[in-house]
$ cat protein_23.cif   # mmCIF, C-alpha atoms
data_coords
loop_
_atom_site.label_atom_id
_atom_site.label_comp_id
_atom_site.auth_asym_id
_atom_site.auth_seq_id
_atom_site.Cartn_x
_atom_site.Cartn_y
_atom_site.Cartn_z
CA ALA A 114 86.93 75.67 96.53
CA HIS A 115 85.52 75.32 93.08
CA ASN A 116 83.86 72.00 92.39
CA TYR A 117 82.73 71.72 88.79
CA GLU A 118 83.87 70.00 85.61
CA ASN A 119 87.17 71.42 84.31
CA ALA A 120 87.58 73.61 87.38
CA PRO A 121 91.11 74.96 87.74
CA GLN A 122 93.27 73.30 90.36
CA GLN A 123 92.98 75.13 93.67
CA LEU A 124 95.74 75.97 96.10
CA ASP A 125 95.72 73.83 99.23
CA ARG A 126 93.86 75.83 101.90
CA ASP A 127 95.74 74.39 104.86
CA GLN A 128 99.10 75.00 103.21
CA ILE A 129 98.23 78.62 102.44
CA LEU A 130 96.86 79.25 105.93
CA ALA A 131 100.04 77.80 107.44
CA GLN A 132 102.10 80.19 105.31
CA ILE A 133 100.13 83.35 106.16
CA LYS A 134 99.52 82.53 109.85
CA PRO A 135 102.79 84.12 111.07
CA VAL A 136 101.89 87.40 109.35
CA LEU A 137 98.28 87.40 110.54
CA GLU A 138 99.30 86.68 114.14
CA ASN A 139 102.15 89.22 114.13
CA GLU A 140 100.91 92.26 116.02
CA ALA A 141 103.71 94.40 114.55
CA VAL A 142 102.18 93.97 111.07
CA LYS A 143 99.27 96.43 110.86
CA LYS A 144 96.04 95.02 109.47
CA ILE A 145 93.76 97.29 107.46
CA GLY A 146 90.47 95.98 106.16
CA HIS A 147 86.72 96.16 105.98
CA HIS A 148 84.76 94.24 108.64
CA LEU A 149 87.86 92.77 110.30
CA LYS A 150 85.66 91.24 113.00
CA TYR A 151 84.25 88.87 110.38
CA ASP A 152 87.71 88.06 109.03
CA ALA A 153 88.97 87.40 112.57
CA HIS A 154 86.08 84.98 113.12
CA ILE A 155 86.83 83.07 109.92
CA PHE A 156 90.54 82.86 110.70
CA ALA A 157 89.76 81.75 114.28
CA ASN A 158 87.83 78.82 112.80
CA HIS A 159 91.18 77.75 111.34
CA GLY A 160 93.22 78.28 114.51
CA ILE A 161 94.56 81.71 113.57
CA GLU A 162 94.28 84.72 115.89
CA LEU A 163 94.17 87.91 113.84
CA LYS A 164 96.37 90.47 115.63
CA GLY A 165 97.54 93.97 114.85
CA TRP A 166 94.20 95.51 113.88
CA TYR A 167 94.97 99.05 112.71
CA PHE A 168 92.01 100.32 110.68
CA ASP A 169 88.58 98.92 109.83
CA SER A 170 86.63 100.92 107.25
CA MET A 171 83.33 99.38 108.37
CA LEU A 172 83.86 100.58 111.94
CA ALA A 173 84.97 103.98 110.65
CA SER A 174 81.78 104.23 108.60
CA TYR A 175 79.69 103.48 111.66
CA VAL A 176 81.58 106.00 113.82
CA LEU A 177 81.17 108.70 111.17
CA ASN A 178 77.48 107.97 110.52
CA ALA A 179 75.85 105.71 113.11
CA ALA A 180 72.41 106.60 111.74
CA ALA A 181 73.18 105.01 108.38
CA THR A 182 71.45 101.70 107.82
CA ARG A 183 74.23 100.24 105.67
CA HIS A 184 77.98 100.13 106.18
CA GLY A 185 78.98 97.57 103.54
CA MET A 186 81.99 98.15 101.32
CA ASP A 187 79.84 99.22 98.36
CA ASP A 188 78.02 101.72 100.59
CA VAL A 189 81.23 103.12 102.05
CA ALA A 190 82.76 103.47 98.57
CA ARG A 191 79.86 105.67 97.47
CA VAL A 192 80.52 108.28 100.15
#

$ encode --input "protein_23.cif" --output "structure tokens"
Amino acid sequence: AHNYENAPQQLDRDQILAQIKPVLENEAVKKIGHHLKYDAHIFANHGIELKGWYFDSMLASYVLNAAATRHGMDDVARV
């Protein structure tokens, strides 16, 4: 959340998480992302189990080039 003078009003985190939880925990909804393991950890901290992993571009980068020292989104986008 932003915390500075004249900061725009933020959406309520708990309300938003409650609204997206059914989608994130629905295994039938395929999840595509970059470094989903990190996202799953963050969501788990809020009581949400990320299900339906389909494709992770960070894992794909590692599988395609395990010798590479970087697999961040910027690095993958350069390929």

$ atom_distance --input "protein_23.cif" --atom1 "CA of Asn139 in chain A" --atom2 "CA of Trp166 in chain A"
10.1 Å

$ closest_residue --input "protein_23.cif" --among "A:Ile129, A:Pro135, A:Tyr117, A:Val189" --to "Ile161 in chain A" --atoms "only C-alpha atoms"
A:Pro135

$ resolve_selection --input "protein_23.cif" --expression "the PyMOL selection byres ((chain A and resi 150) around 10)" --output "PyMOL selection string"
chain A and resi 146-149+151-156+163+166+169+171-172

$ atom_distance --input "protein_23.cif" --atom1 "CA of Glu138 in chain A" --atom2 "CA of Leu124 in chain A"
21.3 Å

$ closest_residue --input "protein_23.cif" --among "A:Asp125, A:Gly185, A:Lys164, A:Asn116" --to "Glu140 in chain A" --atoms "all atoms listed in the file"
A:Lys164

$ decode --input "protein_23.cif" --residues "range 141-182 of chain A" --atoms "N, CA and C atoms" --output "PDB file, in the first residue's frame"
ATOM      1  N   ALA A 141      -9.410 -25.943 -12.252  1.00  0.00           N
ATOM      2  CA  ALA A 141      -9.870 -25.945 -13.645  1.00  0.00           C
ATOM      3  C   ALA A 141      -9.462 -24.672 -14.386  1.00  0.00           C
ATOM      4  N   VAL A 142      -9.126 -23.625 -13.649  1.00  0.00           N
ATOM      5  CA  VAL A 142      -8.673 -22.367 -14.259  1.00  0.00           C
ATOM      6  C   VAL A 142      -7.154 -22.430 -14.352  1.00  0.00           C
ATOM      7  N   LYS A 143      -6.634 -22.502 -15.577  1.00  0.00           N
ATOM      8  CA  LYS A 143      -5.192 -22.645 -15.782  1.00  0.00           C
ATOM      9  C   LYS A 143      -4.471 -21.351 -15.410  1.00  0.00           C
ATOM     10  N   LYS A 144      -3.375 -21.509 -14.686  1.00  0.00           N
ATOM     11  CA  LYS A 144      -2.566 -20.359 -14.271  1.00  0.00           C
ATOM     12  C   LYS A 144      -1.284 -20.334 -15.100  1.00  0.00           C
ATOM     13  N   ILE A 145      -1.017 -19.219 -15.709  1.00  0.00           N
ATOM     14  CA  ILE A 145       0.190 -19.002 -16.497  1.00  0.00           C
ATOM     15  C   ILE A 145       0.895 -17.799 -15.895  1.00  0.00           C
ATOM     16  N   GLY A 146       2.193 -17.946 -15.634  1.00  0.00           N
ATOM     17  CA  GLY A 146       2.902 -16.833 -15.028  1.00  0.00           C
ATOM     18  C   GLY A 146       4.402 -16.997 -15.098  1.00  0.00           C
ATOM     19  N   HIS A 147       5.082 -16.138 -14.405  1.00  0.00           N
ATOM     20  CA  HIS A 147       6.536 -16.171 -14.315  1.00  0.00           C
ATOM     21  C   HIS A 147       6.897 -16.264 -12.837  1.00  0.00           C
ATOM     22  N   HIS A 148       7.551 -17.345 -12.461  1.00  0.00           N
ATOM     23  CA  HIS A 148       7.954 -17.610 -11.073  1.00  0.00           C
ATOM     24  C   HIS A 148       6.719 -17.838 -10.188  1.00  0.00           C
ATOM     25  N   LEU A 149       5.861 -18.760 -10.634  1.00  0.00           N
ATOM     26  CA  LEU A 149       4.635 -19.061  -9.899  1.00  0.00           C
ATOM     27  C   LEU A 149       4.908 -19.571  -8.491  1.00  0.00           C
ATOM     28  N   LYS A 150       6.072 -20.168  -8.278  1.00  0.00           N
ATOM     29  CA  LYS A 150       6.405 -20.645  -6.932  1.00  0.00           C
ATOM     30  C   LYS A 150       6.406 -19.470  -5.948  1.00  0.00           C
ATOM     31  N   TYR A 151       6.953 -18.352  -6.358  1.00  0.00           N
ATOM     32  CA  TYR A 151       6.955 -17.154  -5.513  1.00  0.00           C
ATOM     33  C   TYR A 151       5.528 -16.671  -5.265  1.00  0.00           C
ATOM     34  N   ASP A 152       4.746 -16.587  -6.345  1.00  0.00           N
ATOM     35  CA  ASP A 152       3.357 -16.142  -6.204  1.00  0.00           C
ATOM     36  C   ASP A 152       2.589 -17.056  -5.260  1.00  0.00           C
ATOM     37  N   ALA A 153       2.796 -18.368  -5.397  1.00  0.00           N
ATOM     38  CA  ALA A 153       2.107 -19.332  -4.536  1.00  0.00           C
ATOM     39  C   ALA A 153       2.475 -19.100  -3.075  1.00  0.00           C
ATOM     40  N   HIS A 154       3.742 -18.782  -2.824  1.00  0.00           N
ATOM     41  CA  HIS A 154       4.195 -18.521  -1.455  1.00  0.00           C
ATOM     42  C   HIS A 154       3.502 -17.278  -0.886  1.00  0.00           C
ATOM     43  N   ILE A 155       3.435 -16.226  -1.679  1.00  0.00           N
ATOM     44  CA  ILE A 155       2.789 -14.988  -1.222  1.00  0.00           C
ATOM     45  C   ILE A 155       1.310 -15.227  -0.953  1.00  0.00           C
ATOM     46  N   PHE A 156       0.627 -15.900  -1.874  1.00  0.00           N
ATOM     47  CA  PHE A 156      -0.792 -16.185  -1.660  1.00  0.00           C
ATOM     48  C   PHE A 156      -0.994 -17.080  -0.443  1.00  0.00           C
ATOM     49  N   ALA A 157      -0.104 -18.049  -0.229  1.00  0.00           N
ATOM     50  CA  ALA A 157      -0.217 -18.943   0.933  1.00  0.00           C
ATOM     51  C   ALA A 157      -0.144 -18.146   2.232  1.00  0.00           C
ATOM     52  N   ASN A 158       0.644 -17.082   2.239  1.00  0.00           N
ATOM     53  CA  ASN A 158       0.717 -16.223   3.422  1.00  0.00           C
ATOM     54  C   ASN A 158      -0.626 -15.580   3.748  1.00  0.00           C
ATOM     55  N   HIS A 159      -1.525 -15.576   2.769  1.00  0.00           N
ATOM     56  CA  HIS A 159      -2.857 -14.989   2.950  1.00  0.00           C
ATOM     57  C   HIS A 159      -3.953 -16.055   2.927  1.00  0.00           C
ATOM     58  N   GLY A 160      -3.546 -17.323   3.127  1.00  0.00           N
ATOM     59  CA  GLY A 160      -4.522 -18.406   3.220  1.00  0.00           C
ATOM     60  C   GLY A 160      -5.104 -18.855   1.896  1.00  0.00           C
ATOM     61  N   ILE A 161      -4.380 -18.617   0.810  1.00  0.00           N
ATOM     62  CA  ILE A 161      -4.851 -19.008  -0.522  1.00  0.00           C
ATOM     63  C   ILE A 161      -3.884 -20.032  -1.101  1.00  0.00           C
ATOM     64  N   GLU A 162      -4.435 -21.168  -1.554  1.00  0.00           N
ATOM     65  CA  GLU A 162      -3.614 -22.201  -2.188  1.00  0.00           C
ATOM     66  C   GLU A 162      -3.747 -22.062  -3.703  1.00  0.00           C
ATOM     67  N   LEU A 163      -2.659 -21.666  -4.349  1.00  0.00           N
ATOM     68  CA  LEU A 163      -2.666 -21.476  -5.798  1.00  0.00           C
ATOM     69  C   LEU A 163      -2.704 -22.840  -6.476  1.00  0.00           C
ATOM     70  N   LYS A 164      -3.777 -23.102  -7.216  1.00  0.00           N
ATOM     71  CA  LYS A 164      -3.952 -24.391  -7.899  1.00  0.00           C
ATOM     72  C   LYS A 164      -4.121 -24.153  -9.391  1.00  0.00           C
ATOM     73  N   GLY A 165      -3.882 -25.214 -10.158  1.00  0.00           N
ATOM     74  CA  GLY A 165      -4.083 -25.136 -11.599  1.00  0.00           C
ATOM     75  C   GLY A 165      -2.893 -24.576 -12.353  1.00  0.00           C
ATOM     76  N   TRP A 166      -1.682 -24.787 -11.815  1.00  0.00           N
ATOM     77  CA  TRP A 166      -0.484 -24.307 -12.504  1.00  0.00           C
ATOM     78  C   TRP A 166      -0.446 -24.945 -13.892  1.00  0.00           C
ATOM     79  N   TYR A 167      -0.262 -24.148 -14.911  1.00  0.00           N
ATOM     80  CA  TYR A 167      -0.237 -24.653 -16.283  1.00  0.00           C
ATOM     81  C   TYR A 167       1.114 -24.391 -16.950  1.00  0.00           C
ATOM     82  N   PHE A 168       1.608 -23.161 -16.829  1.00  0.00           N
ATOM     83  CA  PHE A 168       2.880 -22.818 -17.463  1.00  0.00           C
ATOM     84  C   PHE A 168       3.583 -21.743 -16.660  1.00  0.00           C
ATOM     85  N   ASP A 169       4.881 -21.965 -16.424  1.00  0.00           N
ATOM     86  CA  ASP A 169       5.711 -21.007 -15.702  1.00  0.00           C
ATOM     87  C   ASP A 169       6.906 -20.683 -16.590  1.00  0.00           C
ATOM     88  N   SER A 170       6.987 -19.453 -17.073  1.00  0.00           N
ATOM     89  CA  SER A 170       8.057 -19.077 -17.994  1.00  0.00           C
ATOM     90  C   SER A 170       9.434 -19.116 -17.342  1.00  0.00           C
ATOM     91  N   MET A 171       9.515 -18.944 -16.030  1.00  0.00           N
ATOM     92  CA  MET A 171      10.811 -19.041 -15.367  1.00  0.00           C
ATOM     93  C   MET A 171      11.302 -20.491 -15.382  1.00  0.00           C
ATOM     94  N   LEU A 172      10.415 -21.424 -15.089  1.00  0.00           N
ATOM     95  CA  LEU A 172      10.796 -22.837 -15.142  1.00  0.00           C
ATOM     96  C   LEU A 172      11.140 -23.248 -16.567  1.00  0.00           C
ATOM     97  N   ALA A 173      10.386 -22.754 -17.532  1.00  0.00           N
ATOM     98  CA  ALA A 173      10.670 -23.072 -18.932  1.00  0.00           C
ATOM     99  C   ALA A 173      12.045 -22.549 -19.328  1.00  0.00           C
ATOM    100  N   SER A 174      12.397 -21.365 -18.883  1.00  0.00           N
ATOM    101  CA  SER A 174      13.707 -20.800 -19.171  1.00  0.00           C
ATOM    102  C   SER A 174      14.810 -21.687 -18.611  1.00  0.00           C
ATOM    103  N   TYR A 175      14.607 -22.159 -17.388  1.00  0.00           N
ATOM    104  CA  TYR A 175      15.613 -23.022 -16.768  1.00  0.00           C
ATOM    105  C   TYR A 175      15.730 -24.348 -17.518  1.00  0.00           C
ATOM    106  N   VAL A 176      14.604 -24.930 -17.890  1.00  0.00           N
ATOM    107  CA  VAL A 176      14.622 -26.207 -18.614  1.00  0.00           C
ATOM    108  C   VAL A 176      15.331 -26.047 -19.959  1.00  0.00           C
ATOM    109  N   LEU A 177      15.088 -24.938 -20.636  1.00  0.00           N
ATOM    110  CA  LEU A 177      15.690 -24.715 -21.947  1.00  0.00           C
ATOM    111  C   LEU A 177      17.163 -24.331 -21.875  1.00  0.00           C
ATOM    112  N   ASN A 178      17.592 -23.735 -20.753  1.00  0.00           N
ATOM    113  CA  ASN A 178      18.980 -23.298 -20.633  1.00  0.00           C
ATOM    114  C   ASN A 178      19.394 -23.285 -19.165  1.00  0.00           C
ATOM    115  N   ALA A 179      19.629 -24.462 -18.618  1.00  0.00           N
ATOM    116  CA  ALA A 179      19.987 -24.589 -17.205  1.00  0.00           C
ATOM    117  C   ALA A 179      21.330 -23.928 -16.890  1.00  0.00           C
ATOM    118  N   ALA A 180      22.168 -23.756 -17.890  1.00  0.00           N
ATOM    119  CA  ALA A 180      23.481 -23.148 -17.666  1.00  0.00           C
ATOM    120  C   ALA A 180      23.398 -21.629 -17.511  1.00  0.00           C
ATOM    121  N   ALA A 181      22.297 -21.047 -17.910  1.00  0.00           N
ATOM    122  CA  ALA A 181      22.151 -19.591 -17.784  1.00  0.00           C
ATOM    123  C   ALA A 181      22.164 -19.199 -16.313  1.00  0.00           C
ATOM    124  N   THR A 182      22.738 -18.057 -16.033  1.00  0.00           N
ATOM    125  CA  THR A 182      22.818 -17.604 -14.638  1.00  0.00           C
ATOM    126  C   THR A 182      21.618 -16.762 -14.234  1.00  0.00           C
TER     127      THR A 182
END
